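Presented below is the structure to which this report refers.
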Amino acid sequence: MIPRKRWAYVIPVAVVMYMLAYLDRTNVAVILPYIGDDFPLSASAKGLASGIFFVGYLVLQIPAAVLAAKWSARKTVVLLMIAWALAAVLCGLVQNETQLHLARLLLGLFEGGVWPAVLILLASWFPQAERARANALWMTCLPISAILMSPLSGFMLDHMSWRWVFVLQGLPPLLWAVVWWFAVADRPAKARWISPHERDYLETTLKAEEDAKPAVVKQGYRQALANRQVLLLVGVYFFWITGFYGFSLWLPSVVKTMTGGSATAVGFLSAVPYVLALAGMVACAHWSDRTGNRRLAVTVPLLVAIAGLLLGNLVHWPAAVQLVLLCVVATGVYMPYGPFWAIPSRILGLEVVAVAMGLINALGNLGGFAGPYLVGWLTDVTGSATTGFVVLAAFLAVAAGLAFFGLKPAVVEDSAHVPAAPRNP
């Protein structure tokens with residue numbers, strides 16, 4: 001039996017770290033409806049405040065990924081953590097719309113490099129047969145953040161100004177940076193807590209996986225960035241994330257319209273869909289690792305999300321049914337995370353996969369700008385968010401089509417090539 005300390009040491013610390021990042025990224029969705037007393041914002045201005053984060057987000061993707069691979073993922077993340085915390089606090093000190101957009105731009109700039117850096121870290125700790133589960137367990141920070149922090153943001157808004165909510169929620173990353181520094185190691189050889197047996201297993205297995213990759217995936221940065229499958233992954237991620245953030249960042253506004261309740265009630269109801277999304281992420285990742293079928297693990301959940309979006313916005317349902325459909329959409333857009341991010345390290349050598357992951361995340365997350373802004377603009381033009389959500393469903397359909405018809409089964413379905421791993425969490 002292979003020891004499993006890596007699951008207890010690496011994953012939880014990374015989960016909390018990125019949960020705090022995701023809180024600072026998405027709390028704006030809960031806060032924006034209550035910001036108008038200080039400086040009124042149109043729907044499109046609110047969409048820009050949400051989406052401009054992703055303009056800054058793309059800048060450091062590849063540089064941070066290269067730093068993580070060539071220097072240290074641990075050190076790269078801790079520097080970015082400190083910088084994004086300061087930018088998050090700055091969001092509470094702004095005095096006008098322009099300053100708010102600038103603060104959100106800086107927040108995106110500093111958070112941008114964290115995602116690929118952690119993926120590089122996980123690739124050094126978890127073999128391919130465990131990769132989707134490791135990715136998904138780390139990425140549970142996304143729905144967990146929504147489950148815990150949406151009610152917290154709502155409660156805080158009922159008891160203090162929106163400025164204090166931004167400031168107080170921006171401080172925890174400064175504390176967690178200390179935990180990250182002492183708890184995380186870049187690779188098994190540098191960890192003090194790992195047993196020799198587990199270290200030997202990881203080093204042997206990871207090396208064997210790299211050696212087994214065909215020569216075509218062992219290429220330089222330029223060839224990696226021009227790889228057809230990498231470019232397809234960029235397309236899939238862009239259209240997926242456009243629908244994803246268009247949904248998640250506008251969810252509290254939809255819930256507020258449904259309930260007409262207090263900020264606390266909006267926060268609690270906004271958290272409900274993410275409970276199911278959390279379970280769906282883990283289940284989908286387990287299925288993907290067990291079968292090796294990354295392609296269907298990405299495509300099918302997106303089709304489910306499309307059905308939920310269309311049903312929820314084209315038919316007038318009672319509030320309870322609308323909430324059920326929101327749960328369906330949330331589960332569908334979250335489930336592909338683990339399997340999707342297991343694909344790049346399967347099609348590229350570890351020495352260049354950092355750059356490819358940075359490219360995919362940088363260009364793909366432009367959808368995080370397009371989705372919220374598109375919904376805001378269409379709401380201003382049409383007077384209803386329905387058109388925007390139908391368009392977002394179309395974006396998700398393009399993502400599903402690219403994943404199913406574009407990605408080669410021989411590349412992304414790898415169960416025949418990777419031996420089964422010991423039973424893990």
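Lettering and numbering for the structure tokens are positional, with chains as A, B, ... in the shown order, residues counted from 1 in each chain, and ligands counted from 1 in the shown order.
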
Spatial neighbours of region 153-170 of chain A, 10 Å, only C-alpha atoms, chain gap at least 3 places, as an mmCIF file with N, CA, C and O atoms, in the first residue's frame:
data_model
loop_
_atom_site.group_PDB
_atom_site.id
_atom_site.type_symbol
_atom_site.label_atom_id
_atom_site.label_comp_id
_atom_site.auth_asym_id
_atom_site.auth_seq_id
_atom_site.Cartn_x
_atom_site.Cartn_y
_atom_site.Cartn_z
ATOM 1 N N LEU A 20 -9.541 31.497 -0.854
ATOM 2 C CA LEU A 20 -9.431 32.914 -0.513
ATOM 3 C C LEU A 20 -9.293 33.769 -1.769
ATOM 4 O O LEU A 20 -9.848 34.869 -1.861
ATOM 5 N N ALA A 21 -8.554 33.252 -2.757
ATOM 6 C CA ALA A 21 -8.427 33.975 -4.019
ATOM 7 C C ALA A 21 -9.777 34.079 -4.715
ATOM 8 O O ALA A 21 -10.162 35.134 -5.235
ATOM 9 N N LEU A 23 -12.700 33.926 -3.372
ATOM 10 C CA LEU A 23 -13.558 34.848 -2.622
ATOM 11 C C LEU A 23 -13.302 36.283 -3.064
ATOM 12 O O LEU A 23 -14.241 37.030 -3.364
ATOM 13 N N ASP A 24 -12.037 36.676 -3.123
ATOM 14 C CA ASP A 24 -11.698 38.047 -3.508
ATOM 15 C C ASP A 24 -12.075 38.332 -4.964
ATOM 16 O O ASP A 24 -12.273 39.484 -5.343
ATOM 17 N N ASN A 27 -16.563 37.927 -4.763
ATOM 18 C CA ASN A 27 -17.407 38.643 -3.802
ATOM 19 C C ASN A 27 -18.041 39.882 -4.424
ATOM 20 O O ASN A 27 -19.070 40.377 -3.951
ATOM 21 N N VAL A 28 -17.446 40.374 -5.489
ATOM 22 C CA VAL A 28 -17.982 41.549 -6.165
ATOM 23 C C VAL A 28 -19.404 41.289 -6.669
ATOM 24 O O VAL A 28 -20.225 42.209 -6.742
ATOM 25 N N ALA A 29 -19.719 40.010 -7.003
ATOM 26 C CA ALA A 29 -21.056 39.704 -7.498
ATOM 27 C C ALA A 29 -22.113 39.936 -6.425
ATOM 28 O O ALA A 29 -23.223 40.388 -6.715
ATOM 29 N N VAL A 30 -21.787 39.631 -5.166
ATOM 30 C CA VAL A 30 -22.718 39.845 -4.062
ATOM 31 C C VAL A 30 -22.736 41.312 -3.654
ATOM 32 O O VAL A 30 -23.775 41.858 -3.278
ATOM 33 N N ILE A 31 -21.577 41.976 -3.738
ATOM 34 C CA ILE A 31 -21.442 43.344 -3.222
ATOM 35 C C ILE A 31 -21.994 44.393 -4.184
ATOM 36 O O ILE A 31 -22.596 45.386 -3.759
ATOM 37 N N LEU A 32 -21.825 44.190 -5.500
ATOM 38 C CA LEU A 32 -22.191 45.213 -6.467
ATOM 39 C C LEU A 32 -23.646 45.692 -6.362
ATOM 40 O O LEU A 32 -23.901 46.894 -6.519
ATOM 41 N N PRO A 33 -24.619 44.801 -6.125
ATOM 42 C CA PRO A 33 -25.995 45.307 -6.025
ATOM 43 C C PRO A 33 -26.207 46.300 -4.882
ATOM 44 O O PRO A 33 -27.219 46.993 -4.851
ATOM 45 N N TYR A 34 -25.245 46.382 -3.931
ATOM 46 C CA TYR A 34 -25.405 47.245 -2.752
ATOM 47 C C TYR A 34 -24.433 48.431 -2.762
ATOM 48 O O TYR A 34 -24.280 49.111 -1.760
ATOM 49 N N ILE A 35 -23.811 48.672 -3.916
ATOM 50 C CA ILE A 35 -22.783 49.695 -3.975
ATOM 51 C C ILE A 35 -23.327 51.031 -4.489
ATOM 52 O O ILE A 35 -22.647 52.056 -4.416
ATOM 53 N N ASP A 38 -23.128 54.949 -3.030
ATOM 54 C CA ASP A 38 -21.909 55.765 -3.093
ATOM 55 C C ASP A 38 -21.657 56.302 -4.500
ATOM 56 O O ASP A 38 -21.338 57.467 -4.683
ATOM 57 N N ILE A 82 0.447 37.693 -1.567
ATOM 58 C CA ILE A 82 0.593 38.968 -0.851
ATOM 59 C C ILE A 82 0.099 40.126 -1.721
ATOM 60 O O ILE A 82 -0.622 41.020 -1.256
ATOM 61 N N TRP A 84 -2.068 40.076 -4.304
ATOM 62 C CA TRP A 84 -3.506 40.109 -4.569
ATOM 63 C C TRP A 84 -4.276 40.530 -3.317
ATOM 64 O O TRP A 84 -5.326 41.173 -3.414
ATOM 65 N N ALA A 85 -3.769 40.177 -2.123
ATOM 66 C CA ALA A 85 -4.442 40.602 -0.886
ATOM 67 C C ALA A 85 -4.483 42.124 -0.796
ATOM 68 O O ALA A 85 -5.516 42.713 -0.435
ATOM 69 N N LEU A 86 -3.389 42.774 -1.131
ATOM 70 C CA LEU A 86 -3.343 44.233 -1.089
ATOM 71 C C LEU A 86 -4.295 44.836 -2.128
ATOM 72 O O LEU A 86 -4.974 45.838 -1.860
ATOM 73 N N ALA A 87 -4.370 44.225 -3.306
ATOM 74 C CA ALA A 87 -5.289 44.722 -4.335
ATOM 75 C C ALA A 87 -6.739 44.535 -3.908
ATOM 76 O O ALA A 87 -7.600 45.381 -4.185
ATOM 77 N N ALA A 88 -7.038 43.425 -3.206
ATOM 78 C CA ALA A 88 -8.399 43.174 -2.736
ATOM 79 C C ALA A 88 -8.820 44.221 -1.713
ATOM 80 O O ALA A 88 -9.960 44.705 -1.718
ATOM 81 N N VAL A 89 -7.904 44.571 -0.814
ATOM 82 C CA VAL A 89 -8.194 45.620 0.171
ATOM 83 C C VAL A 89 -8.439 46.950 -0.534
ATOM 84 O O VAL A 89 -9.329 47.726 -0.154
ATOM 85 N N LEU A 90 -7.672 47.206 -1.589
ATOM 86 C CA LEU A 90 -7.802 48.453 -2.334
ATOM 87 C C LEU A 90 -9.213 48.619 -2.909
ATOM 88 O O LEU A 90 -9.703 49.752 -3.039
ATOM 89 N N CYS A 91 -9.894 47.505 -3.237
ATOM 90 C CA CYS A 91 -11.254 47.590 -3.782
ATOM 91 C C CYS A 91 -12.204 48.276 -2.804
ATOM 92 O O CYS A 91 -13.198 48.881 -3.226
ATOM 93 N N GLY A 92 -11.920 48.186 -1.512
ATOM 94 C CA GLY A 92 -12.771 48.835 -0.528
ATOM 95 C C GLY A 92 -12.458 50.290 -0.298
ATOM 96 O O GLY A 92 -13.184 50.969 0.450
ATOM 97 N N LEU A 93 -11.397 50.789 -0.906
ATOM 98 C CA LEU A 93 -10.967 52.175 -0.689
ATOM 99 C C LEU A 93 -11.251 53.079 -1.882
ATOM 100 O O LEU A 93 -10.938 54.271 -1.833
ATOM 101 N N VAL A 94 -11.840 52.527 -2.934
ATOM 102 C CA VAL A 94 -12.052 53.308 -4.160
ATOM 103 C C VAL A 94 -13.107 54.384 -3.934
ATOM 104 O O VAL A 94 -13.993 54.251 -3.080
ATOM 105 N N ALA A 146 -17.877 29.539 -2.678
ATOM 106 C CA ALA A 146 -19.227 30.072 -2.857
ATOM 107 C C ALA A 146 -20.158 29.626 -1.737
ATOM 108 O O ALA A 146 -20.984 30.397 -1.251
ATOM 109 N N LEU A 148 -19.413 28.840 1.394
ATOM 110 C CA LEU A 148 -19.110 29.471 2.676
ATOM 111 C C LEU A 148 -19.169 30.988 2.604
ATOM 112 O O LEU A 148 -19.648 31.648 3.533
ATOM 113 N N MET A 149 -18.679 31.542 1.502
ATOM 114 C CA MET A 149 -18.441 32.968 1.465
ATOM 115 C C MET A 149 -19.617 33.792 0.965
ATOM 116 O O MET A 149 -19.745 34.960 1.323
ATOM 117 N N SER A 150 -20.489 33.213 0.136
ATOM 118 C CA SER A 150 -21.660 33.975 -0.286
ATOM 119 C C SER A 150 -22.543 34.330 0.911
ATOM 120 O O SER A 150 -22.935 35.490 1.069
ATOM 121 N N PRO A 173 -5.629 36.320 3.038
ATOM 122 C CA PRO A 173 -4.494 35.769 2.271
ATOM 123 C C PRO A 173 -3.130 36.141 2.851
ATOM 124 O O PRO A 173 -2.164 35.378 2.694
ATOM 125 N N LEU A 174 -3.028 37.293 3.520
ATOM 126 C CA LEU A 174 -1.751 37.670 4.129
ATOM 127 C C LEU A 174 -1.369 36.697 5.236
ATOM 128 O O LEU A 174 -0.185 36.375 5.426
ATOM 129 N N PRO A 252 -26.096 35.796 -7.952
ATOM 130 C CA PRO A 252 -26.729 36.490 -6.821
ATOM 131 C C PRO A 252 -27.792 37.494 -7.252
ATOM 132 O O PRO A 252 -28.801 37.666 -6.567
ATOM 133 N N SER A 262 -33.240 39.832 2.013
ATOM 134 C CA SER A 262 -32.098 40.563 2.525
ATOM 135 C C SER A 262 -30.819 40.049 1.887
ATOM 136 O O SER A 262 -30.803 39.013 1.213
ATOM 137 N N ALA A 263 -29.717 40.765 2.119
ATOM 138 C CA ALA A 263 -28.425 40.320 1.599
ATOM 139 C C ALA A 263 -28.047 38.962 2.166
ATOM 140 O O ALA A 263 -27.461 38.126 1.484
ATOM 141 N N THR A 264 -28.388 38.709 3.440
ATOM 142 C CA THR A 264 -28.090 37.414 4.052
ATOM 143 C C THR A 264 -28.845 36.299 3.346
ATOM 144 O O THR A 264 -28.286 35.242 3.036
ATOM 145 N N ALA A 265 -30.144 36.532 3.048
ATOM 146 C CA ALA A 265 -30.941 35.520 2.353
ATOM 147 C C ALA A 265 -30.390 35.256 0.959
ATOM 148 O O ALA A 265 -30.309 34.099 0.511
ATOM 149 N N VAL A 266 -30.011 36.322 0.252
ATOM 150 C CA VAL A 266 -29.420 36.163 -1.085
ATOM 151 C C VAL A 266 -28.140 35.342 -0.999
ATOM 152 O O VAL A 266 -27.886 34.451 -1.809
ATOM 153 N N GLY A 267 -27.308 35.624 0.022
ATOM 154 C CA GLY A 267 -26.057 34.889 0.181
ATOM 155 C C GLY A 267 -26.281 33.412 0.416
ATOM 156 O O GLY A 267 -25.624 32.563 -0.201
ATOM 157 N N PHE A 268 -27.239 33.070 1.282
ATOM 158 C CA PHE A 268 -27.500 31.661 1.577
ATOM 159 C C PHE A 268 -28.085 30.938 0.368
ATOM 160 O O PHE A 268 -27.666 29.819 0.039
ATOM 161 N N SER A 270 -27.717 31.737 -2.746
ATOM 162 C CA SER A 270 -26.685 31.665 -3.785
ATOM 163 C C SER A 270 -25.727 30.509 -3.536
ATOM 164 O O SER A 270 -25.094 30.007 -4.468
#

Helix (DSSP H, G or I) call set, DSSP backbone run, region 95-336 of chain A, as a VMD selection string: chain A and resid 97 to 111 114 to 123 128 to 139 141 to 159 162 to 170 172 to 183 188 to 190 196 to 212 215 to 217 221 to 225 228 to 248 251 to 259 263 to 291 294 to 314 319 to 334

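Our summary of the geometry notes that CA of Ile194 (chain A) is positioned 7.5 Å from CA of Arg6 (chain A).
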
Residue nearest Leu251 (chain A) - candidates A:Val298, A:Leu323, A:Ala342, A:Met139, atoms counted: only C-alpha atoms: A:Leu323

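Excluding Cys141 (chain A) itself and any same-chain residue fewer than 6 positions from it, the protein and nucleic acid residues within 7 Å of it, counting only C-alpha atoms, are Val15, Val16, Tyr18 and Met19 of chain A.
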
A:Thr205, A:Thr291, A:Thr242, A:Thr379 ranked by distance to Ile2 (chain A), top pick (using only C-alpha atoms): A:Thr205

For Gly332 (chain A): contacts at 12 Å, only C-alpha atoms, fewer than 6 positions along chain excluded, given as a PyMOL selection string: chain A and resi 240+243-244+247-248+273-274+276-281+283-284+297-309+325-326+393+396+400
